[in-house]
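Below is entry_8.pdb, holding PDB, C-alpha atoms, pLDDT in the B column.
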ATOM      1  CA  MET A  21       0.000   0.000   0.000  1.00 84.00           C
ATOM      2  CA  TRP A  22       2.871   2.404   0.759  1.00 90.00           C
ATOM      3  CA  ALA A  23       4.243   1.876  -2.729  1.00 92.00           C
ATOM      4  CA  TRP A  24       0.910   2.949  -4.201  1.00 93.00           C
ATOM      5  CA  ILE A  25       0.680   6.001  -1.920  1.00 95.00           C
ATOM      6  CA  PHE A  26       4.250   7.102  -2.691  1.00 96.00           C
ATOM      7  CA  HIS A  27       3.749   6.554  -6.412  1.00 96.00           C
ATOM      8  CA  LYS A  28       0.578   8.659  -6.456  1.00 97.00           C
ATOM      9  CA  PHE A  29       2.197  11.374  -4.334  1.00 97.00           C
ATOM     10  CA  THR A  30       5.294  11.570  -6.532  1.00 97.00           C
ATOM     11  CA  GLY A  31       3.099  11.677  -9.622  1.00 97.00           C
ATOM     12  CA  TRP A  32       1.185  14.669  -8.271  1.00 98.00           C
ATOM     13  CA  VAL A  33       4.418  16.407  -7.285  1.00 97.00           C
ATOM     14  CA  LEU A  34       5.765  15.918 -10.813  1.00 97.00           C
ATOM     15  CA  ILE A  35       2.568  17.361 -12.282  1.00 97.00           C
ATOM     16  CA  GLY A  36       2.900  20.374  -9.984  1.00 96.00           C
ATOM     17  CA  TYR A  37       6.506  20.812 -11.037  1.00 96.00           C
ATOM     18  CA  LEU A  38       5.460  20.688 -14.686  1.00 97.00           C
ATOM     19  CA  PHE A  39       3.323  23.804 -14.230  1.00 96.00           C
ATOM     20  CA  THR A  40       6.135  25.591 -12.392  1.00 93.00           C
ATOM     21  CA  HIS A  41       8.572  24.594 -15.123  1.00 94.00           C
ATOM     22  CA  ILE A  42       6.259  25.942 -17.824  1.00 95.00           C
ATOM     23  CA  ALA A  43       5.880  29.215 -15.902  1.00 92.00           C
ATOM     24  CA  VAL A  44       9.658  29.680 -15.733  1.00 91.00           C
ATOM     25  CA  LEU A  45      10.098  28.738 -19.377  1.00 92.00           C
ATOM     26  CA  SER A  46       7.421  31.243 -20.374  1.00 92.00           C
ATOM     27  CA  THR A  47       9.777  34.044 -19.334  1.00 89.00           C
ATOM     28  CA  ALA A  48      11.829  33.095 -22.393  1.00 89.00           C
ATOM     29  CA  THR A  49       9.016  34.367 -24.593  1.00 90.00           C
ATOM     30  CA  VAL A  50       9.587  37.896 -23.271  1.00 88.00           C
ATOM     31  CA  ASP A  51      13.246  37.918 -24.244  1.00 88.00           C
ATOM     32  CA  GLY A  52      16.437  36.015 -23.561  1.00 86.00           C
ATOM     33  CA  ALA A  53      17.690  38.449 -20.935  1.00 91.00           C
ATOM     34  CA  THR A  54      14.553  38.053 -18.819  1.00 91.00           C
ATOM     35  CA  TYR A  55      14.861  34.273 -18.950  1.00 92.00           C
ATOM     36  CA  THR A  56      18.543  34.385 -18.002  1.00 93.00           C
ATOM     37  CA  GLU A  57      17.834  36.801 -15.160  1.00 93.00           C
ATOM     38  CA  THR A  58      15.028  34.568 -13.881  1.00 92.00           C
ATOM     39  CA  LEU A  59      17.264  31.486 -13.891  1.00 92.00           C
ATOM     40  CA  ARG A  60      20.123  33.299 -12.185  1.00 93.00           C
ATOM     41  CA  GLY A  61      17.749  34.603  -9.534  1.00 93.00           C
ATOM     42  CA  LEU A  62      16.343  31.152  -8.863  1.00 92.00           C
ATOM     43  CA  GLU A  63      19.738  29.450  -8.813  1.00 89.00           C
ATOM     44  CA  SER A  64      21.045  31.963  -6.292  1.00 90.00           C
ATOM     45  CA  LEU A  65      18.469  30.842  -3.706  1.00 92.00           C
ATOM     46  CA  LEU A  66      19.570  27.997  -1.440  1.00 91.00           C
ATOM     47  CA  VAL A  67      15.979  26.819  -0.993  1.00 94.00           C
ATOM     48  CA  VAL A  68      15.685  26.289  -4.755  1.00 93.00           C
ATOM     49  CA  ARG A  69      18.790  24.097  -4.690  1.00 92.00           C
ATOM     50  CA  PHE A  70      17.228  21.949  -1.970  1.00 94.00           C
ATOM     51  CA  LEU A  71      13.979  21.793  -3.929  1.00 95.00           C
ATOM     52  CA  GLU A  72      15.948  20.551  -6.941  1.00 94.00           C
ATOM     53  CA  VAL A  73      17.403  17.752  -4.816  1.00 96.00           C
ATOM     54  CA  GLY A  74      13.859  16.919  -3.715  1.00 97.00           C
ATOM     55  CA  LEU A  75      12.679  16.939  -7.313  1.00 97.00           C
ATOM     56  CA  LEU A  76      15.431  14.486  -8.227  1.00 97.00           C
ATOM     57  CA  ALA A  77      14.372  12.216  -5.358  1.00 98.00           C
ATOM     58  CA  VAL A  78      10.725  12.365  -6.446  1.00 98.00           C
ATOM     59  CA  ALA A  79      11.559  11.693 -10.100  1.00 98.00           C
ATOM     60  CA  ALA A  80      13.999   8.871  -9.296  1.00 98.00           C
ATOM     61  CA  PHE A  81      11.507   7.081  -7.043  1.00 98.00           C
ATOM     62  CA  HIS A  82       8.666   7.538  -9.525  1.00 98.00           C
ATOM     63  CA  ILE A  83      10.782   6.091 -12.357  1.00 98.00           C
ATOM     64  CA  LEU A  84      12.142   3.168 -10.329  1.00 97.00           C
ATOM     65  CA  ASN A  85       8.750   2.311  -8.863  1.00 96.00           C
ATOM     66  CA  GLY A  86       7.229   2.596 -12.332  1.00 96.00           C
ATOM     67  CA  ILE A  87       9.717   0.020 -13.603  1.00 96.00           C
ATOM     68  CA  ARG A  88       8.782  -2.201 -10.646  1.00 95.00           C
ATOM     69  CA  LEU A  89       5.107  -1.816 -11.550  1.00 94.00           C
ATOM     70  CA  LEU A  90       5.853  -2.682 -15.171  1.00 95.00           C
ATOM     71  CA  PHE A  91       7.415  -5.961 -14.081  1.00 94.00           C
ATOM     72  CA  VAL A  92       4.451  -6.651 -11.773  1.00 93.00           C
ATOM     73  CA  ASP A  93       2.042  -6.069 -14.663  1.00 93.00           C
ATOM     74  CA  LEU A  94       4.085  -8.445 -16.807  1.00 94.00           C
ATOM     75  CA  GLY A  95       3.900 -11.058 -14.052  1.00 91.00           C
ATOM     76  CA  VAL A  96       7.626 -11.024 -13.360  1.00 92.00           C
ATOM     77  CA  GLY A  97       8.739 -11.114  -9.735  1.00 86.00           C
ATOM     78  CA  LEU A  98       5.287 -11.133  -8.179  1.00 88.00           C
ATOM     79  CA  GLU A  99       6.586 -12.882  -5.085  1.00 91.00           C
ATOM     80  CA  ALA A 100       9.272 -10.228  -4.523  1.00 91.00           C
ATOM     81  CA  GLN A 101       7.199  -7.051  -4.844  1.00 91.00           C
ATOM     82  CA  ASP A 102       8.057  -5.854  -1.357  1.00 92.00           C
ATOM     83  CA  LYS A 103      11.778  -6.400  -1.911  1.00 95.00           C
ATOM     84  CA  ALA A 104      11.610  -4.529  -5.210  1.00 94.00           C
ATOM     85  CA  PHE A 105       9.826  -1.638  -3.472  1.00 96.00           C
ATOM     86  CA  TYR A 106      12.531  -1.444  -0.807  1.00 96.00           C
ATOM     87  CA  ALA A 107      15.196  -1.685  -3.507  1.00 96.00           C
ATOM     88  CA  ALA A 108      13.572   1.290  -5.269  1.00 96.00           C
ATOM     89  CA  LEU A 109      13.639   3.255  -2.010  1.00 97.00           C
ATOM     90  CA  ILE A 110      17.303   2.421  -1.373  1.00 98.00           C
ATOM     91  CA  ALA A 111      18.311   3.240  -4.956  1.00 98.00           C
ATOM     92  CA  THR A 112      16.422   6.535  -4.727  1.00 98.00           C
ATOM     93  CA  ALA A 113      18.217   7.395  -1.498  1.00 98.00           C
ATOM     94  CA  ALA A 114      21.600   6.534  -3.030  1.00 98.00           C
ATOM     95  CA  ILE A 115      20.934   8.621  -6.146  1.00 97.00           C
ATOM     96  CA  THR A 116      19.703  11.549  -4.067  1.00 97.00           C
ATOM     97  CA  VAL A 117      22.566  11.508  -1.571  1.00 97.00           C
ATOM     98  CA  GLY A 118      25.067  11.141  -4.404  1.00 96.00           C
ATOM     99  CA  SER A 119      23.647  14.202  -6.150  1.00 95.00           C
ATOM    100  CA  ILE A 120      23.760  16.572  -3.185  1.00 94.00           C
ATOM    101  CA  PRO A 121      27.330  17.800  -3.882  1.00 93.00           C
ATOM    102  CA  THR A 122      26.375  18.535  -7.481  1.00 91.00           C
ATOM    103  CA  PHE A 123      23.269  20.546  -6.620  1.00 89.00           C
ATOM    104  CA  LEU A 124      24.748  22.385  -3.664  1.00 87.00           C
ATOM    105  CA  GLY A 125      28.224  22.848  -5.147  1.00 82.00           C
ATOM    106  CA  GLY A 126      27.823  26.587  -5.672  1.00 67.00           C
ATOM    107  CA  PHE A 127      27.334  27.298  -1.971  1.00 60.00           C
TER     108      PHE A 127
END
Do you think you could lay out the structure here as structure tokens?
Amino acid sequence: MWAWIFHKFTGWVLIGYLFTHIAVLSTATVDGATYTETLRGLESLLVVRFLEVGLLAVAAFHILNGIRLLFVDLGVGLEAQDKAFYAALIATAAITVGSIPTFLGGF
């Protein structure tokens, strides 16, 4: 049940991010300088860097759990669903922790 809840939650977070992403990209329609200024302003905020790490964690879990669900739908590994869920959580944590120096490198 937790896998389903996390998958739904991460899906909704990704949809929310999509609208934010489109809003930031829409500044490029004004002119290139406005877009560049917007990106520089966002990248200078520490909270945005942490939100990017969170976005990576959400996307990584959603992808890995989606692959797990694909195998479940194909009938592969039905007896090890819980282990695959925990493996997705551990892989997500490893990817996220490994990315922290990259995202927070400018600070």
Exercise for the section: Please identify all polymer residues within 8 Å of Phe123 in chain A, counting all atoms listed in the file, omitting same-chain residues fewer than 5 positions from it, and present them as a ChimeraX atom specification. Expected result: /A:69-70,72-73
Problem - Residues in the PyMOL selection byres ((chain A and resi 34-50) around 12), expressed as a PyMOL selection string - result: chain A and resi 27-33+51-62+71-72+74-83
Practice task
Report the distance between CA of Gln101 in chain A and CA of Arg88 in chain A in Å, rounded to one decimal place.
Solution key: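 Calculated distance between CA of Gln101 in chain A and CA of Arg88 in chain A is 7.7 Å.
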Handout entry: Residue members of the PyMOL selection byres ((chain A and resi 108-117) around 6) in the file shown, as a count of residues only
Key = 10
Handout entry: Surrounding residues of Leu89 in chain A excluding itself and chain neighbours under 2 positions, 10 Å, all atoms listed in the file, as a list in words
Key =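 Neighbouring residues, sequence-local ones excluded: Ala23, Trp24, His27, Ile83, Leu84, Asn85, Gly86, Ile87, Phe91, Val92, Asp93, Leu94, Gly95, Val96, Leu98, Gln101, Ala104 and Phe105 of chain A.
Put simply, CA of Trp22 in chain A is 18.1 Å away from CA of Gly97 in chain A.
Proximity ranking of A:Leu90, A:Ile25, A:Leu66, A:Asp102 relative to Leu124 in chain A places A:Leu66 first, based on all atoms listed in the file.
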Taking N, CA and C atoms as the atom set, what does range 81-117 of chain A look like once completed, written as a PDB file, keeping the file's coordinate frame?
ATOM      1  N   PHE A  81      12.403   8.091  -7.615  1.00 98.00           N
ATOM      2  CA  PHE A  81      11.507   7.081  -7.043  1.00 98.00           C
ATOM      3  C   PHE A  81      10.371   6.753  -8.005  1.00 98.00           C
ATOM      4  N   HIS A  82       9.791   7.768  -8.625  1.00 98.00           N
ATOM      5  CA  HIS A  82       8.666   7.538  -9.525  1.00 98.00           C
ATOM      6  C   HIS A  82       9.088   6.656 -10.705  1.00 98.00           C
ATOM      7  N   ILE A  83      10.276   6.905 -11.238  1.00 98.00           N
ATOM      8  CA  ILE A  83      10.782   6.091 -12.357  1.00 98.00           C
ATOM      9  C   ILE A  83      11.055   4.665 -11.903  1.00 98.00           C
ATOM     10  N   LEU A  84      11.784   4.510 -10.794  1.00 97.00           N
ATOM     11  CA  LEU A  84      12.142   3.168 -10.329  1.00 97.00           C
ATOM     12  C   LEU A  84      10.910   2.372  -9.913  1.00 97.00           C
ATOM     13  N   ASN A  85       9.972   3.009  -9.240  1.00 96.00           N
ATOM     14  CA  ASN A  85       8.750   2.311  -8.863  1.00 96.00           C
ATOM     15  C   ASN A  85       7.900   1.998 -10.095  1.00 96.00           C
ATOM     16  N   GLY A  86       7.941   2.874 -11.085  1.00 96.00           N
ATOM     17  CA  GLY A  86       7.229   2.596 -12.332  1.00 96.00           C
ATOM     18  C   GLY A  86       7.787   1.377 -13.045  1.00 96.00           C
ATOM     19  N   ILE A  87       9.101   1.218 -13.019  1.00 96.00           N
ATOM     20  CA  ILE A  87       9.717   0.020 -13.603  1.00 96.00           C
ATOM     21  C   ILE A  87       9.281  -1.221 -12.820  1.00 96.00           C
ATOM     22  N   ARG A  88       9.247  -1.089 -11.489  1.00 95.00           N
ATOM     23  CA  ARG A  88       8.782  -2.201 -10.646  1.00 95.00           C
ATOM     24  C   ARG A  88       7.347  -2.569 -11.012  1.00 95.00           C
ATOM     25  N   LEU A  89       6.501  -1.564 -11.189  1.00 94.00           N
ATOM     26  CA  LEU A  89       5.107  -1.816 -11.550  1.00 94.00           C
ATOM     27  C   LEU A  89       4.977  -2.451 -12.934  1.00 94.00           C
ATOM     28  N   LEU A  90       5.852  -2.067 -13.839  1.00 95.00           N
ATOM     29  CA  LEU A  90       5.853  -2.682 -15.171  1.00 95.00           C
ATOM     30  C   LEU A  90       6.119  -4.175 -15.065  1.00 95.00           C
ATOM     31  N   PHE A  91       7.121  -4.537 -14.257  1.00 94.00           N
ATOM     32  CA  PHE A  91       7.415  -5.961 -14.081  1.00 94.00           C
ATOM     33  C   PHE A  91       6.260  -6.691 -13.397  1.00 94.00           C
ATOM     34  N   VAL A  92       5.611  -6.042 -12.437  1.00 93.00           N
ATOM     35  CA  VAL A  92       4.451  -6.651 -11.773  1.00 93.00           C
ATOM     36  C   VAL A  92       3.337  -6.889 -12.792  1.00 93.00           C
ATOM     37  N   ASP A  93       3.082  -5.915 -13.646  1.00 93.00           N
ATOM     38  CA  ASP A  93       2.042  -6.069 -14.663  1.00 93.00           C
ATOM     39  C   ASP A  93       2.376  -7.168 -15.662  1.00 93.00           C
ATOM     40  N   LEU A  94       3.666  -7.376 -15.899  1.00 94.00           N
ATOM     41  CA  LEU A  94       4.085  -8.445 -16.807  1.00 94.00           C
ATOM     42  C   LEU A  94       4.113  -9.806 -16.114  1.00 94.00           C
ATOM     43  N   GLY A  95       3.906  -9.814 -14.799  1.00 91.00           N
ATOM     44  CA  GLY A  95       3.900 -11.058 -14.052  1.00 91.00           C
ATOM     45  C   GLY A  95       5.276 -11.536 -13.628  1.00 91.00           C
ATOM     46  N   VAL A  96       6.257 -10.668 -13.723  1.00 92.00           N
ATOM     47  CA  VAL A  96       7.626 -11.024 -13.360  1.00 92.00           C
ATOM     48  C   VAL A  96       7.898 -10.576 -11.932  1.00 92.00           C
ATOM     49  N   GLY A  97       8.359 -11.470 -11.092  1.00 86.00           N
ATOM     50  CA  GLY A  97       8.739 -11.114  -9.735  1.00 86.00           C
ATOM     51  C   GLY A  97       7.594 -10.788  -8.813  1.00 86.00           C
ATOM     52  N   LEU A  98       6.452 -11.430  -9.014  1.00 88.00           N
ATOM     53  CA  LEU A  98       5.287 -11.133  -8.179  1.00 88.00           C
ATOM     54  C   LEU A  98       5.532 -11.467  -6.708  1.00 88.00           C
ATOM     55  N   GLU A  99       6.337 -12.480  -6.464  1.00 91.00           N
ATOM     56  CA  GLU A  99       6.586 -12.882  -5.085  1.00 91.00           C
ATOM     57  C   GLU A  99       7.590 -11.979  -4.380  1.00 91.00           C
ATOM     58  N   ALA A 100       8.256 -11.104  -5.118  1.00 91.00           N
ATOM     59  CA  ALA A 100       9.272 -10.228  -4.523  1.00 91.00           C
ATOM     60  C   ALA A 100       8.911  -8.750  -4.660  1.00 91.00           C
ATOM     61  N   GLN A 101       7.618  -8.443  -4.682  1.00 91.00           N
ATOM     62  CA  GLN A 101       7.199  -7.051  -4.844  1.00 91.00           C
ATOM     63  C   GLN A 101       7.700  -6.167  -3.712  1.00 91.00           C
ATOM     64  N   ASP A 102       7.624  -6.667  -2.491  1.00 92.00           N
ATOM     65  CA  ASP A 102       8.057  -5.854  -1.357  1.00 92.00           C
ATOM     66  C   ASP A 102       9.554  -5.596  -1.398  1.00 92.00           C
ATOM     67  N   LYS A 103      10.327  -6.587  -1.805  1.00 95.00           N
ATOM     68  CA  LYS A 103      11.778  -6.400  -1.911  1.00 95.00           C
ATOM     69  C   LYS A 103      12.117  -5.399  -3.015  1.00 95.00           C
ATOM     70  N   ALA A 104      11.373  -5.468  -4.117  1.00 94.00           N
ATOM     71  CA  ALA A 104      11.610  -4.529  -5.210  1.00 94.00           C
ATOM     72  C   ALA A 104      11.248  -3.102  -4.788  1.00 94.00           C
ATOM     73  N   PHE A 105      10.200  -2.952  -3.976  1.00 96.00           N
ATOM     74  CA  PHE A 105       9.826  -1.638  -3.472  1.00 96.00           C
ATOM     75  C   PHE A 105      10.939  -1.075  -2.588  1.00 96.00           C
ATOM     76  N   TYR A 106      11.450  -1.900  -1.679  1.00 96.00           N
ATOM     77  CA  TYR A 106      12.531  -1.444  -0.807  1.00 96.00           C
ATOM     78  C   TYR A 106      13.805  -1.155  -1.604  1.00 96.00           C
ATOM     79  N   ALA A 107      14.042  -1.939  -2.638  1.00 96.00           N
ATOM     80  CA  ALA A 107      15.196  -1.685  -3.507  1.00 96.00           C
ATOM     81  C   ALA A 107      15.047  -0.337  -4.214  1.00 96.00           C
ATOM     82  N   ALA A 108      13.819  -0.007  -4.632  1.00 96.00           N
ATOM     83  CA  ALA A 108      13.572   1.290  -5.269  1.00 96.00           C
ATOM     84  C   ALA A 108      13.815   2.425  -4.281  1.00 96.00           C
ATOM     85  N   LEU A 109      13.394   2.233  -3.034  1.00 97.00           N
ATOM     86  CA  LEU A 109      13.639   3.255  -2.010  1.00 97.00           C
ATOM     87  C   LEU A 109      15.131   3.443  -1.747  1.00 97.00           C
ATOM     88  N   ILE A 110      15.857   2.345  -1.646  1.00 98.00           N
ATOM     89  CA  ILE A 110      17.303   2.421  -1.373  1.00 98.00           C
ATOM     90  C   ILE A 110      18.037   3.046  -2.548  1.00 98.00           C
ATOM     91  N   ALA A 111      17.670   2.652  -3.775  1.00 98.00           N
ATOM     92  CA  ALA A 111      18.311   3.240  -4.956  1.00 98.00           C
ATOM     93  C   ALA A 111      18.001   4.730  -5.055  1.00 98.00           C
ATOM     94  N   THR A 112      16.776   5.116  -4.726  1.00 98.00           N
ATOM     95  CA  THR A 112      16.422   6.535  -4.727  1.00 98.00           C
ATOM     96  C   THR A 112      17.257   7.300  -3.716  1.00 98.00           C
ATOM     97  N   ALA A 113      17.408   6.739  -2.531  1.00 98.00           N
ATOM     98  CA  ALA A 113      18.217   7.395  -1.498  1.00 98.00           C
ATOM     99  C   ALA A 113      19.666   7.523  -1.951  1.00 98.00           C
ATOM    100  N   ALA A 114      20.210   6.484  -2.567  1.00 98.00           N
ATOM    101  CA  ALA A 114      21.600   6.534  -3.030  1.00 98.00           C
ATOM    102  C   ALA A 114      21.786   7.580  -4.124  1.00 98.00           C
ATOM    103  N   ILE A 115      20.861   7.629  -5.064  1.00 97.00           N
ATOM    104  CA  ILE A 115      20.934   8.621  -6.146  1.00 97.00           C
ATOM    105  C   ILE A 115      20.838  10.034  -5.574  1.00 97.00           C
ATOM    106  N   THR A 116      19.917  10.224  -4.647  1.00 97.00           N
ATOM    107  CA  THR A 116      19.703  11.549  -4.067  1.00 97.00           C
ATOM    108  C   THR A 116      20.907  12.000  -3.256  1.00 97.00           C
ATOM    109  N   VAL A 117      21.408  11.150  -2.390  1.00 97.00           N
ATOM    110  CA  VAL A 117      22.566  11.508  -1.571  1.00 97.00           C
ATOM    111  C   VAL A 117      23.790  11.756  -2.451  1.00 97.00           C
TER     112      VAL A 117
END
